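Engineer: Sharing a structure below in structure tokens format, with a few things to ask.
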Amino acid sequence: MAIVQLLSVWLIPALIVFILLYGTAKKVPTYEAFVEGGKEGIEIAFSLIPYLVGMLVSVSIFRASGALDAMMEVIKPLADAIGLPAEVVPLAALRTLSGTAALGMTTDLIATYGPDSFIGRLASTIQGSTETTLYVLTVYFGAVGVKKMGDALKVGILADILSFIVSVFIVLFVFGR
């Protein structure tokens, strides 16, 4: 345990010192490269603001309009028919949109049903095995200027659906009902 604590304290500073020394040994102007990298980072951060605002507004409108609730009402009978807890279905939908909203829902599910309940374990597994696909596409594709993201969207949504299904099977297999 002491070794892990020591590593966690010193690993990043040692890595930074190593990179600086290696760059200096290779005759790279390390300070200038650092400043240039920081400048590029700030430019990228500012260029992402419109994409982030658009995504956050879209998610807020989707939730506030009742569209999420309406979608869940349609899906709930199917979830009940296959024995899936209806409480986790909104989590699967929200997770592709917003990590913060999904984390809030996971926290609520765990607070309500407990971390060792089937719903708590399933929510935690879904949270850890799915991706905020729409957020990632918006931010990262926006950062590099990709305009056509149709195929990436299809594959990302398919991966999220498969991750949700596999999460259910894994939790059932490992923990049972």
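Just remember, in the structure tokens the first chain shown is A, the second B, etc., residues are 1-based per chain, and ligands are 1-based in the order shown.
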Show which residues sit within 9 Å of range 86-98 of chain A, as a VMD selection string. Count only C-alpha atoms, and ignore same-chain residues fewer than 4 positions away.

Structural biologist: chain A and resid 55 to 56 59 68 to 69 71 to 72 75 to 77 79 to 80 102 to 103 105 to 106 109 119 122 to 123 126 to 127 130 to 135 156 to 157 160 to 161 164

Engineer: I'd like the neighbourhood of Arg177 in chain A as a list in words, where a residue qualifies if any of its atoms comes within 12 Å (using only C-alpha atoms), though same-chain residues fewer than 6 positions away should be ignored.

Structural biologist: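 In the requested format, the answer is Gly83, Leu84, Pro85, Asp116, Ser117, Phe118, Ile119, Gly120, Arg121, Leu122, Val168, Phe169, Ile170 and Val171 of chain A.
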
Engineer: Can you work out which one of A:Val28, A:Gly37, A:Leu78, A:Ser47 has the shortest atom-to-atom distance to Gly145 in chain A, counting only C-alpha atoms?

Structural biologist: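 That would be A:Ser47, the residue with the smallest distance to Gly145 in chain A.
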
Engineer: Per DSSP on the backbone, filter range 101-164 of chain A down to the residues in helix (DSSP H, G or I) and report them as number ranges by chain.

Structural biologist: A: 101-113, 118-129, 133-144, 150-164

Engineer: Pick out the residues sitting within 9 Å of Leu52 in chain A, and hand them over as a list in words; count only C-alpha atoms, and ignore anything fewer than 5 positions along from it in its own chain.

Structural biologist: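 Residues meeting the cut-off are Val57, Tyr135, Thr138 and Val139 of chain A.
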